[in-house]
>>> print(open('final-v9.cif').read())   # mmCIF, N, CA and C atoms
data_work
loop_
_atom_site.label_atom_id
_atom_site.label_comp_id
_atom_site.auth_asym_id
_atom_site.auth_seq_id
_atom_site.Cartn_x
_atom_site.Cartn_y
_atom_site.Cartn_z
N MET Y 1 23.98 -22.32 1.42
CA MET Y 1 23.21 -21.28 2.06
C MET Y 1 24.04 -20.00 2.06
N SER Y 2 23.38 -18.87 1.87
CA SER Y 2 24.12 -17.61 1.79
C SER Y 2 24.35 -17.03 3.18
N ASP Y 3 25.39 -16.24 3.27
CA ASP Y 3 25.74 -15.59 4.53
C ASP Y 3 24.91 -14.31 4.66
N PRO Y 4 24.20 -14.09 5.80
CA PRO Y 4 23.36 -12.89 5.92
C PRO Y 4 24.14 -11.59 5.90
N ARG Y 5 25.45 -11.63 6.14
CA ARG Y 5 26.24 -10.40 6.10
C ARG Y 5 26.60 -10.00 4.69
N ASP Y 6 26.51 -10.93 3.74
CA ASP Y 6 26.80 -10.60 2.35
C ASP Y 6 25.68 -9.72 1.79
N PRO Y 7 26.03 -8.76 0.94
CA PRO Y 7 24.98 -7.93 0.34
C PRO Y 7 24.12 -8.78 -0.59
N VAL Y 8 22.84 -8.48 -0.61
CA VAL Y 8 21.92 -9.22 -1.45
C VAL Y 8 22.15 -8.80 -2.89
N ALA Y 9 22.28 -9.80 -3.75
CA ALA Y 9 22.49 -9.50 -5.17
C ALA Y 9 21.22 -8.88 -5.75
N GLU Y 10 21.39 -7.84 -6.51
CA GLU Y 10 20.25 -7.20 -7.15
C GLU Y 10 19.74 -8.09 -8.27
N PRO Y 11 18.43 -8.14 -8.47
CA PRO Y 11 17.88 -8.98 -9.53
C PRO Y 11 18.30 -8.49 -10.91
N ALA Y 12 18.31 -9.42 -11.86
CA ALA Y 12 18.72 -9.08 -13.22
C ALA Y 12 17.67 -8.22 -13.92
N TYR Y 13 16.41 -8.38 -13.53
CA TYR Y 13 15.32 -7.64 -14.17
C TYR Y 13 14.64 -6.75 -13.14
N LYS Y 14 13.97 -5.73 -13.63
CA LYS Y 14 13.23 -4.84 -12.73
C LYS Y 14 12.10 -5.61 -12.05
N ASP Y 15 11.77 -5.19 -10.84
CA ASP Y 15 10.66 -5.79 -10.13
C ASP Y 15 9.35 -5.43 -10.83
N ARG Y 16 8.41 -6.37 -10.78
CA ARG Y 16 7.07 -6.08 -11.26
C ARG Y 16 6.33 -5.35 -10.15
N THR Y 17 5.64 -4.28 -10.47
CA THR Y 17 5.02 -3.41 -9.48
C THR Y 17 3.51 -3.57 -9.52
N PHE Y 18 2.91 -3.71 -8.33
CA PHE Y 18 1.46 -3.80 -8.20
C PHE Y 18 1.01 -2.71 -7.24
N ARG Y 19 0.13 -1.84 -7.71
CA ARG Y 19 -0.44 -0.80 -6.85
C ARG Y 19 -1.82 -0.45 -7.38
N SER Y 20 -2.57 0.24 -6.56
CA SER Y 20 -3.95 0.60 -6.89
C SER Y 20 -3.99 1.93 -7.62
N PRO Y 21 -4.37 1.93 -8.91
CA PRO Y 21 -4.48 3.21 -9.62
C PRO Y 21 -5.55 4.11 -9.01
N ALA Y 22 -6.64 3.52 -8.53
CA ALA Y 22 -7.70 4.32 -7.90
C ALA Y 22 -7.19 4.94 -6.60
N GLY Y 23 -6.37 4.21 -5.85
CA GLY Y 23 -5.81 4.76 -4.62
C GLY Y 23 -4.89 5.93 -4.89
N ILE Y 24 -4.07 5.81 -5.92
CA ILE Y 24 -3.17 6.91 -6.27
C ILE Y 24 -3.97 8.12 -6.76
N ALA Y 25 -4.97 7.87 -7.61
CA ALA Y 25 -5.80 8.97 -8.11
C ALA Y 25 -6.53 9.66 -6.95
N GLY Y 26 -7.07 8.86 -6.03
CA GLY Y 26 -7.74 9.45 -4.87
C GLY Y 26 -6.79 10.26 -4.02
N GLY Y 27 -5.57 9.75 -3.83
CA GLY Y 27 -4.57 10.49 -3.05
C GLY Y 27 -4.17 11.79 -3.70
N VAL Y 28 -3.98 11.77 -5.01
CA VAL Y 28 -3.61 12.99 -5.72
C VAL Y 28 -4.75 14.01 -5.65
N LEU Y 29 -5.99 13.53 -5.79
CA LEU Y 29 -7.13 14.45 -5.69
C LEU Y 29 -7.25 15.04 -4.28
N LEU Y 30 -7.04 14.22 -3.25
CA LEU Y 30 -7.07 14.73 -1.88
C LEU Y 30 -5.96 15.75 -1.64
N LEU Y 31 -4.77 15.47 -2.17
CA LEU Y 31 -3.66 16.42 -2.01
C LEU Y 31 -3.96 17.73 -2.74
N ALA Y 32 -4.53 17.63 -3.94
CA ALA Y 32 -4.87 18.85 -4.69
C ALA Y 32 -5.94 19.65 -3.96
N LEU Y 33 -6.96 18.97 -3.45
CA LEU Y 33 -8.01 19.65 -2.70
C LEU Y 33 -7.46 20.29 -1.43
N GLY Y 34 -6.62 19.56 -0.72
CA GLY Y 34 -6.00 20.11 0.49
C GLY Y 34 -5.11 21.30 0.19
N ALA Y 35 -4.35 21.22 -0.90
CA ALA Y 35 -3.48 22.34 -1.28
C ALA Y 35 -4.32 23.56 -1.65
N TRP Y 36 -5.38 23.34 -2.41
CA TRP Y 36 -6.23 24.45 -2.82
C TRP Y 36 -6.87 25.13 -1.61
N LEU Y 37 -7.49 24.33 -0.74
CA LEU Y 37 -8.16 24.91 0.43
C LEU Y 37 -7.15 25.48 1.43
N GLY Y 38 -6.03 24.77 1.61
CA GLY Y 38 -5.03 25.24 2.57
C GLY Y 38 -4.36 26.53 2.14
N VAL Y 39 -3.97 26.61 0.87
CA VAL Y 39 -3.33 27.83 0.37
C VAL Y 39 -4.33 28.99 0.41
N ASP Y 40 -5.59 28.71 0.07
CA ASP Y 40 -6.60 29.76 0.13
C ASP Y 40 -6.77 30.26 1.57
N ALA Y 41 -6.79 29.35 2.53
CA ALA Y 41 -6.94 29.76 3.94
C ALA Y 41 -5.72 30.53 4.43
N VAL Y 42 -4.54 30.15 3.96
CA VAL Y 42 -3.32 30.86 4.38
C VAL Y 42 -3.29 32.27 3.78
N ILE Y 43 -3.68 32.40 2.52
CA ILE Y 43 -3.61 33.71 1.85
C ILE Y 43 -4.74 34.63 2.31
N ARG Y 44 -5.97 34.12 2.35
CA ARG Y 44 -7.13 34.97 2.63
C ARG Y 44 -7.60 34.92 4.08
N GLY Y 45 -7.06 34.01 4.86
CA GLY Y 45 -7.53 33.86 6.23
C GLY Y 45 -7.13 35.01 7.13
N GLU Y 46 -7.89 35.17 8.19
CA GLU Y 46 -7.62 36.23 9.16
C GLU Y 46 -7.47 35.62 10.54
N GLY Y 47 -6.69 36.26 11.38
CA GLY Y 47 -6.53 35.79 12.75
C GLY Y 47 -5.73 34.49 12.82
N ARG Y 48 -6.33 33.50 13.47
CA ARG Y 48 -5.65 32.21 13.63
C ARG Y 48 -5.83 31.29 12.44
N THR Y 49 -6.67 31.63 11.50
CA THR Y 49 -7.00 30.74 10.38
C THR Y 49 -5.78 30.29 9.59
N PRO Y 50 -4.85 31.17 9.20
CA PRO Y 50 -3.68 30.68 8.45
C PRO Y 50 -2.85 29.66 9.23
N TRP Y 51 -2.70 29.88 10.53
CA TRP Y 51 -1.91 28.94 11.34
C TRP Y 51 -2.62 27.60 11.50
N LEU Y 52 -3.93 27.64 11.66
CA LEU Y 52 -4.69 26.38 11.74
C LEU Y 52 -4.65 25.63 10.41
N ALA Y 53 -4.70 26.36 9.31
CA ALA Y 53 -4.62 25.72 7.99
C ALA Y 53 -3.26 25.06 7.80
N LEU Y 54 -2.19 25.75 8.18
CA LEU Y 54 -0.85 25.15 8.08
C LEU Y 54 -0.71 23.92 8.96
N ALA Y 55 -1.25 24.00 10.18
CA ALA Y 55 -1.19 22.84 11.08
C ALA Y 55 -1.98 21.67 10.51
N GLY Y 56 -3.14 21.97 9.94
CA GLY Y 56 -3.94 20.91 9.32
C GLY Y 56 -3.24 20.26 8.14
N LEU Y 57 -2.58 21.09 7.33
CA LEU Y 57 -1.83 20.54 6.20
C LEU Y 57 -0.65 19.70 6.66
N LEU Y 58 0.05 20.16 7.70
CA LEU Y 58 1.18 19.39 8.23
C LEU Y 58 0.73 18.04 8.78
N LEU Y 59 -0.48 17.96 9.27
CA LEU Y 59 -1.01 16.70 9.77
C LEU Y 59 -1.55 15.83 8.64
N ALA Y 60 -2.29 16.42 7.72
CA ALA Y 60 -3.02 15.65 6.71
C ALA Y 60 -2.15 15.16 5.56
N VAL Y 61 -1.24 15.98 5.07
CA VAL Y 61 -0.47 15.61 3.87
C VAL Y 61 0.34 14.33 4.07
N PRO Y 62 1.11 14.17 5.15
CA PRO Y 62 1.85 12.90 5.31
C PRO Y 62 0.93 11.68 5.43
N LEU Y 63 -0.22 11.84 6.07
CA LEU Y 63 -1.14 10.71 6.19
C LEU Y 63 -1.75 10.34 4.85
N VAL Y 64 -2.13 11.33 4.06
CA VAL Y 64 -2.69 11.05 2.74
C VAL Y 64 -1.65 10.36 1.86
N VAL Y 65 -0.42 10.84 1.89
CA VAL Y 65 0.65 10.21 1.10
C VAL Y 65 0.89 8.79 1.58
N ALA Y 66 0.95 8.59 2.89
CA ALA Y 66 1.24 7.26 3.44
C ALA Y 66 0.17 6.24 3.09
N PHE Y 67 -1.08 6.63 3.11
CA PHE Y 67 -2.15 5.66 2.90
C PHE Y 67 -2.63 5.55 1.46
N THR Y 68 -2.26 6.46 0.58
CA THR Y 68 -2.76 6.38 -0.80
C THR Y 68 -1.66 6.24 -1.84
N VAL Y 69 -0.58 6.98 -1.70
CA VAL Y 69 0.46 6.99 -2.74
C VAL Y 69 1.57 5.99 -2.43
N ARG Y 70 1.94 5.80 -1.18
CA ARG Y 70 3.09 4.99 -0.80
C ARG Y 70 2.90 3.48 -0.96
N PRO Y 71 1.74 2.87 -0.65
CA PRO Y 71 1.64 1.41 -0.70
C PRO Y 71 1.90 0.85 -2.10
N VAL Y 72 2.75 -0.17 -2.15
CA VAL Y 72 3.08 -0.85 -3.41
C VAL Y 72 3.61 -2.24 -3.08
N VAL Y 73 3.44 -3.16 -4.00
CA VAL Y 73 3.99 -4.51 -3.87
C VAL Y 73 4.92 -4.74 -5.05
N TYR Y 74 6.17 -5.10 -4.76
CA TYR Y 74 7.15 -5.41 -5.79
C TYR Y 74 7.38 -6.92 -5.78
N ALA Y 75 7.43 -7.51 -6.97
CA ALA Y 75 7.68 -8.95 -7.06
C ALA Y 75 8.68 -9.21 -8.18
N ASN Y 76 9.59 -10.13 -7.92
CA ASN Y 76 10.49 -10.62 -8.96
C ASN Y 76 10.67 -12.11 -8.74
N ASP Y 77 11.63 -12.72 -9.42
CA ASP Y 77 11.81 -14.17 -9.32
C ASP Y 77 12.28 -14.61 -7.94
N ASP Y 78 12.94 -13.73 -7.19
CA ASP Y 78 13.55 -14.13 -5.93
C ASP Y 78 12.75 -13.74 -4.69
N ARG Y 79 12.06 -12.62 -4.74
CA ARG Y 79 11.46 -12.11 -3.51
C ARG Y 79 10.18 -11.32 -3.78
N LEU Y 80 9.45 -11.12 -2.70
CA LEU Y 80 8.25 -10.30 -2.68
C LEU Y 80 8.52 -9.18 -1.68
N ARG Y 81 8.41 -7.94 -2.13
CA ARG Y 81 8.65 -6.80 -1.24
C ARG Y 81 7.35 -6.02 -1.10
N ILE Y 82 6.88 -5.89 0.14
CA ILE Y 82 5.61 -5.24 0.43
C ILE Y 82 5.90 -3.91 1.11
N ARG Y 83 5.47 -2.83 0.50
CA ARG Y 83 5.65 -1.50 1.11
C ARG Y 83 4.28 -0.98 1.54
N ASN Y 84 4.01 -1.11 2.82
CA ASN Y 84 2.76 -0.64 3.42
C ASN Y 84 2.97 0.78 3.94
N PRO Y 85 1.94 1.42 4.49
CA PRO Y 85 2.09 2.82 4.91
C PRO Y 85 3.24 3.08 5.87
N PHE Y 86 3.49 2.20 6.83
CA PHE Y 86 4.48 2.51 7.85
C PHE Y 86 5.63 1.53 7.94
N ARG Y 87 5.69 0.52 7.08
CA ARG Y 87 6.83 -0.40 7.09
C ARG Y 87 6.96 -1.10 5.75
N THR Y 88 8.14 -1.64 5.52
CA THR Y 88 8.44 -2.40 4.32
C THR Y 88 8.86 -3.80 4.73
N ILE Y 89 8.27 -4.82 4.11
CA ILE Y 89 8.57 -6.21 4.42
C ILE Y 89 9.14 -6.85 3.16
N THR Y 90 10.26 -7.54 3.30
CA THR Y 90 10.85 -8.27 2.19
C THR Y 90 10.79 -9.75 2.52
N LEU Y 91 10.15 -10.53 1.64
CA LEU Y 91 10.00 -11.96 1.86
C LEU Y 91 10.56 -12.71 0.67
N PRO Y 92 11.51 -13.63 0.88
CA PRO Y 92 11.91 -14.51 -0.22
C PRO Y 92 10.74 -15.43 -0.56
N TRP Y 93 10.61 -15.80 -1.80
CA TRP Y 93 9.49 -16.64 -2.21
C TRP Y 93 9.48 -17.98 -1.47
N ALA Y 94 10.64 -18.45 -1.05
CA ALA Y 94 10.70 -19.72 -0.32
C ALA Y 94 9.98 -19.63 1.03
N SER Y 95 9.87 -18.45 1.60
CA SER Y 95 9.21 -18.31 2.90
C SER Y 95 7.72 -18.03 2.78
N VAL Y 96 7.21 -17.83 1.57
CA VAL Y 96 5.78 -17.55 1.37
C VAL Y 96 5.03 -18.86 1.27
N ALA Y 97 4.08 -19.06 2.21
CA ALA Y 97 3.27 -20.28 2.19
C ALA Y 97 2.09 -20.13 1.24
N SER Y 98 1.38 -19.00 1.32
CA SER Y 98 0.24 -18.79 0.44
C SER Y 98 -0.15 -17.32 0.39
N LEU Y 99 -0.93 -17.00 -0.61
CA LEU Y 99 -1.55 -15.69 -0.75
C LEU Y 99 -3.04 -15.90 -0.59
N ARG Y 100 -3.69 -15.02 0.16
CA ARG Y 100 -5.11 -15.21 0.46
C ARG Y 100 -5.84 -13.89 0.23
N SER Y 101 -7.02 -13.99 -0.38
CA SER Y 101 -7.87 -12.81 -0.58
C SER Y 101 -9.19 -13.04 0.11
N GLY Y 102 -9.55 -12.14 0.98
CA GLY Y 102 -10.84 -12.15 1.65
C GLY Y 102 -11.35 -10.73 1.57
N TYR Y 103 -11.42 -10.08 2.71
CA TYR Y 103 -11.74 -8.66 2.72
C TYR Y 103 -10.50 -7.83 2.40
N SER Y 104 -9.32 -8.44 2.52
CA SER Y 104 -8.06 -7.81 2.12
C SER Y 104 -7.15 -8.90 1.58
N ASN Y 105 -6.13 -8.51 0.84
CA ASN Y 105 -5.14 -9.47 0.36
C ASN Y 105 -4.09 -9.67 1.44
N GLU Y 106 -3.70 -10.93 1.66
CA GLU Y 106 -2.75 -11.25 2.71
C GLU Y 106 -1.72 -12.25 2.20
N VAL Y 107 -0.52 -12.14 2.74
CA VAL Y 107 0.55 -13.12 2.49
C VAL Y 107 0.75 -13.88 3.78
N LEU Y 108 0.72 -15.20 3.70
CA LEU Y 108 0.99 -16.05 4.86
C LEU Y 108 2.36 -16.69 4.65
N THR Y 109 3.20 -16.61 5.68
CA THR Y 109 4.55 -17.18 5.58
C THR Y 109 4.58 -18.56 6.22
N ASN Y 110 5.67 -19.28 5.97
CA ASN Y 110 5.83 -20.62 6.53
C ASN Y 110 5.87 -20.62 8.04
N ASP Y 111 6.35 -19.56 8.65
CA ASP Y 111 6.42 -19.51 10.12
C ASP Y 111 5.14 -18.97 10.75
N GLY Y 112 4.09 -18.77 9.97
CA GLY Y 112 2.80 -18.37 10.51
C GLY Y 112 2.52 -16.88 10.52
N ALA Y 113 3.45 -16.07 10.07
CA ALA Y 113 3.23 -14.62 10.05
C ALA Y 113 2.26 -14.26 8.92
N LYS Y 114 1.48 -13.22 9.14
CA LYS Y 114 0.51 -12.76 8.15
C LYS Y 114 0.75 -11.28 7.88
N TYR Y 115 0.86 -10.92 6.60
CA TYR Y 115 1.09 -9.53 6.21
C TYR Y 115 0.00 -9.12 5.23
N GLN Y 116 -0.58 -7.95 5.45
CA GLN Y 116 -1.59 -7.43 4.54
C GLN Y 116 -0.94 -6.66 3.41
N LEU Y 117 -1.52 -6.77 2.22
CA LEU Y 117 -1.05 -6.04 1.05
C LEU Y 117 -1.97 -4.84 0.84
N TRP Y 118 -1.56 -3.69 1.34
CA TRP Y 118 -2.37 -2.49 1.25
C TRP Y 118 -2.51 -2.01 -0.18
N ALA Y 119 -1.56 -2.32 -1.03
CA ALA Y 119 -1.51 -1.74 -2.37
C ALA Y 119 -2.46 -2.41 -3.35
N ILE Y 120 -2.85 -3.65 -3.09
CA ILE Y 120 -3.65 -4.40 -4.05
C ILE Y 120 -5.08 -4.48 -3.55
N PRO Y 121 -6.02 -3.82 -4.24
CA PRO Y 121 -7.40 -3.87 -3.78
C PRO Y 121 -8.03 -5.23 -4.06
N VAL Y 122 -9.00 -5.60 -3.24
CA VAL Y 122 -9.73 -6.86 -3.42
C VAL Y 122 -10.92 -6.58 -4.31
N SER Y 123 -11.09 -7.41 -5.31
CA SER Y 123 -12.23 -7.28 -6.20
C SER Y 123 -13.46 -7.88 -5.51
N LEU Y 124 -14.46 -7.06 -5.26
CA LEU Y 124 -15.67 -7.57 -4.63
C LEU Y 124 -16.39 -8.55 -5.54
N ARG Y 125 -16.36 -8.29 -6.84
CA ARG Y 125 -16.99 -9.18 -7.80
C ARG Y 125 -16.26 -10.53 -7.82
N GLY Y 126 -14.93 -10.49 -7.82
CA GLY Y 126 -14.15 -11.72 -7.80
C GLY Y 126 -14.34 -12.50 -6.51
N ARG Y 127 -14.44 -11.79 -5.38
CA ARG Y 127 -14.66 -12.46 -4.10
C ARG Y 127 -16.03 -13.14 -4.08
N LYS Y 128 -17.04 -12.47 -4.63
CA LYS Y 128 -18.38 -13.06 -4.67
C LYS Y 128 -18.40 -14.29 -5.58
N ARG Y 129 -17.70 -14.21 -6.72
CA ARG Y 129 -17.63 -15.33 -7.65
C ARG Y 129 -16.93 -16.53 -7.00
N ALA Y 130 -15.84 -16.29 -6.26
CA ALA Y 130 -15.13 -17.37 -5.58
C ALA Y 130 -15.99 -18.00 -4.50
N ALA Y 131 -16.75 -17.19 -3.76
CA ALA Y 131 -17.63 -17.73 -2.73
C ALA Y 131 -18.74 -18.58 -3.35
N ARG Y 132 -19.25 -18.16 -4.49
CA ARG Y 132 -20.30 -18.93 -5.18
C ARG Y 132 -19.74 -20.27 -5.65
N ARG Y 133 -18.54 -20.28 -6.23
CA ARG Y 133 -17.92 -21.54 -6.66
C ARG Y 133 -17.68 -22.48 -5.48
N LYS Y 134 -17.23 -21.89 -4.37
CA LYS Y 134 -16.95 -22.70 -3.19
C LYS Y 134 -18.23 -23.33 -2.64
N SER Y 135 -19.32 -22.57 -2.64
CA SER Y 135 -20.58 -23.12 -2.13
C SER Y 135 -21.16 -24.16 -3.09
N GLN Y 136 -20.96 -24.01 -4.40
CA GLN Y 136 -21.44 -24.99 -5.36
C GLN Y 136 -20.62 -26.27 -5.29
N ALA Y 137 -19.33 -26.16 -4.99
CA ALA Y 137 -18.47 -27.34 -4.91
C ALA Y 137 -18.76 -28.15 -3.65
N ALA Y 138 -19.29 -27.52 -2.63
CA ALA Y 138 -19.54 -28.23 -1.36
C ALA Y 138 -20.80 -29.05 -1.40
#
>>> encode(input="final-v9.cif", output="structure tokens")
Amino acid sequence: MSDPRDPVAEPAYKDRTFRSPAGIAGGVLLLALGAWLGVDAVIRGEGRTPWLALAGLLLAVPLVVAFTVRPVVYANDDRLRIRNPFRTITLPWASVASLRSGYSNEVLTNDGAKYQLWAIPVSLRGRKRAARRKSQAA
């Protein structure tokens, strides 16, 4: 068994990355739209409008980045690393009991913890197909 104080050895190969291309595209489009409208309000606005636009951008930009661009799942031979909007979870494969897809993708650990995978979208078509197979098998 390894000592937890020892540094974790880096994997020999790069992690495989899973993320939603549609989520990233949506985030980039929202950021572009916000930048366009915000810069226009700052330049052409009168009175309190430029300050309200700056405040809106300061609130909206970090949230858009956190929920659209940041989520990703990294996997290699040793571990699964889940980067959700506000936290990062690292799970060795030995602690992963199962992966489950319903309305969202989830990782269940041996100790009963459940983590959602924000980066991987659930296929509605695949979920419907799995439900149909399950009902036919019963």
>>> resolve_selection(input="final-v9.cif", expression="the PyMOL selection byres ((chain Y and resi 73) around 6.5)", output="list in words")
Arg16, Thr17, Phe18, Arg19, Pro71, Val72, Tyr74, Ala75, Arg81, Ile82, Arg83, Ala119 and Ile120 of chain Y
>>> residues_around(input="final-v9.cif", residues="region 30-35 of chain Y", least_positions_apart="5", cutoff="8 Å", atoms="all atoms listed in the file", output="list of chain:residue names")
Y:Ile24, Y:Ala25, Y:Asp40, Y:Ala41, Y:Leu57, Y:Ala60, Y:Val61, Y:Val64, Y:Val65
>>> select_by_dssp(input="final-v9.cif", residues="chain Y", states="alpha helix (DSSP H)", output="ChimeraX atom specification")
/Y:21-44,49-64,124-137
>>> residues_near_point(input="final-v9.cif", point="(-3.0, 5.9, -2.8)", cutoff="6 Å", atoms="only C-alpha atoms", output="ChimeraX atom specification")
/Y:23-24,27,67-69
>>> atom_distance(input="final-v9.cif", atom1="atom C of Ser101 (chain Y)", atom2="atom C of Pro62 (chain Y)")
27.2 Å
>>> atom_distance(input="final-v9.cif", atom1="atom C of Pro21 (chain Y)", atom2="CA of Ala113 (chain Y)")
28.1 Å
>>> axis_aligned_box(input="final-v9.cif", around="region 70-80 of chain Y", padding_each_side="8 Å", output="AutoDock Vina command-line options")
--center_x 7.6 --center_y -4.4 --center_z -5.0 --size_x 27.9 --size_y 36.4 --size_z 24.8
>>> closest_residue(input="final-v9.cif", among="Y:Leu54, Y:Leu80, Y:Leu117, Y:Leu124", to="Gly38 (chain Y)", atoms="all atoms listed in the file")
Y:Leu54
>>> atom_distance(input="final-v9.cif", atom1="atom C of Asp111 (chain Y)", atom2="atom C of Leu99 (chain Y)")
14.3 Å
>>> closest_residue(input="final-v9.cif", among="Y:Asp77, Y:Arg132, Y:Leu29, Y:Gly47", to="Lys14 (chain Y)", atoms="all atoms listed in the file")
Y:Asp77
>>> closest_residue(input="final-v9.cif", among="Y:Asp78, Y:Leu52, Y:Trp118, Y:Arg127", to="Gly102 (chain Y)", atoms="all atoms listed in the file")
Y:Arg127
>>> select_by_dssp(input="final-v9.cif", residues="chain Y", states="strand (DSSP E)", output="ChimeraX atom specification")
/Y:16-18,72-75,79-83,88-92,96-101,105-109,114-116
>>> resolve_selection(input="final-v9.cif", expression="the PyMOL selection byres ((chain Y and resi 96) around 7)", output="PDB file with N, CA and C atoms, in the coordinates of the input")
ATOM      1  N   LEU Y  91      10.150 -10.530   1.640  1.00  0.00           N
ATOM      2  CA  LEU Y  91      10.000 -11.960   1.860  1.00  0.00           C
ATOM      3  C   LEU Y  91      10.560 -12.710   0.670  1.00  0.00           C
ATOM      4  N   PRO Y  92      11.510 -13.630   0.880  1.00  0.00           N
ATOM      5  CA  PRO Y  92      11.910 -14.510  -0.220  1.00  0.00           C
ATOM      6  C   PRO Y  92      10.740 -15.430  -0.560  1.00  0.00           C
ATOM      7  N   TRP Y  93      10.610 -15.800  -1.800  1.00  0.00           N
ATOM      8  CA  TRP Y  93       9.490 -16.640  -2.210  1.00  0.00           C
ATOM      9  C   TRP Y  93       9.480 -17.980  -1.470  1.00  0.00           C
ATOM     10  N   ALA Y  94      10.640 -18.450  -1.050  1.00  0.00           N
ATOM     11  CA  ALA Y  94      10.700 -19.720  -0.320  1.00  0.00           C
ATOM     12  C   ALA Y  94       9.980 -19.630   1.030  1.00  0.00           C
ATOM     13  N   SER Y  95       9.870 -18.450   1.600  1.00  0.00           N
ATOM     14  CA  SER Y  95       9.210 -18.310   2.900  1.00  0.00           C
ATOM     15  C   SER Y  95       7.720 -18.030   2.780  1.00  0.00           C
ATOM     16  N   ALA Y  97       4.080 -19.060   2.210  1.00  0.00           N
ATOM     17  CA  ALA Y  97       3.270 -20.280   2.190  1.00  0.00           C
ATOM     18  C   ALA Y  97       2.090 -20.130   1.240  1.00  0.00           C
ATOM     19  N   SER Y  98       1.380 -19.000   1.320  1.00  0.00           N
ATOM     20  CA  SER Y  98       0.240 -18.790   0.440  1.00  0.00           C
ATOM     21  C   SER Y  98      -0.150 -17.320   0.390  1.00  0.00           C
ATOM     22  N   LEU Y  99      -0.930 -17.000  -0.610  1.00  0.00           N
ATOM     23  CA  LEU Y  99      -1.550 -15.690  -0.750  1.00  0.00           C
ATOM     24  C   LEU Y  99      -3.040 -15.900  -0.590  1.00  0.00           C
ATOM     25  N   VAL Y 107      -0.520 -12.140   2.740  1.00  0.00           N
ATOM     26  CA  VAL Y 107       0.550 -13.120   2.490  1.00  0.00           C
ATOM     27  C   VAL Y 107       0.750 -13.880   3.780  1.00  0.00           C
ATOM     28  N   LEU Y 108       0.720 -15.200   3.700  1.00  0.00           N
ATOM     29  CA  LEU Y 108       0.990 -16.050   4.860  1.00  0.00           C
ATOM     30  C   LEU Y 108       2.360 -16.690   4.650  1.00  0.00           C
ATOM     31  N   THR Y 109       3.200 -16.610   5.680  1.00  0.00           N
ATOM     32  CA  THR Y 109       4.550 -17.180   5.580  1.00  0.00           C
ATOM     33  C   THR Y 109       4.580 -18.560   6.220  1.00  0.00           C
ATOM     34  N   ASN Y 110       5.670 -19.280   5.970  1.00  0.00           N
ATOM     35  CA  ASN Y 110       5.830 -20.620   6.530  1.00  0.00           C
ATOM     36  C   ASN Y 110       5.870 -20.620   8.040  1.00  0.00           C
TER      37      ASN Y 110
END
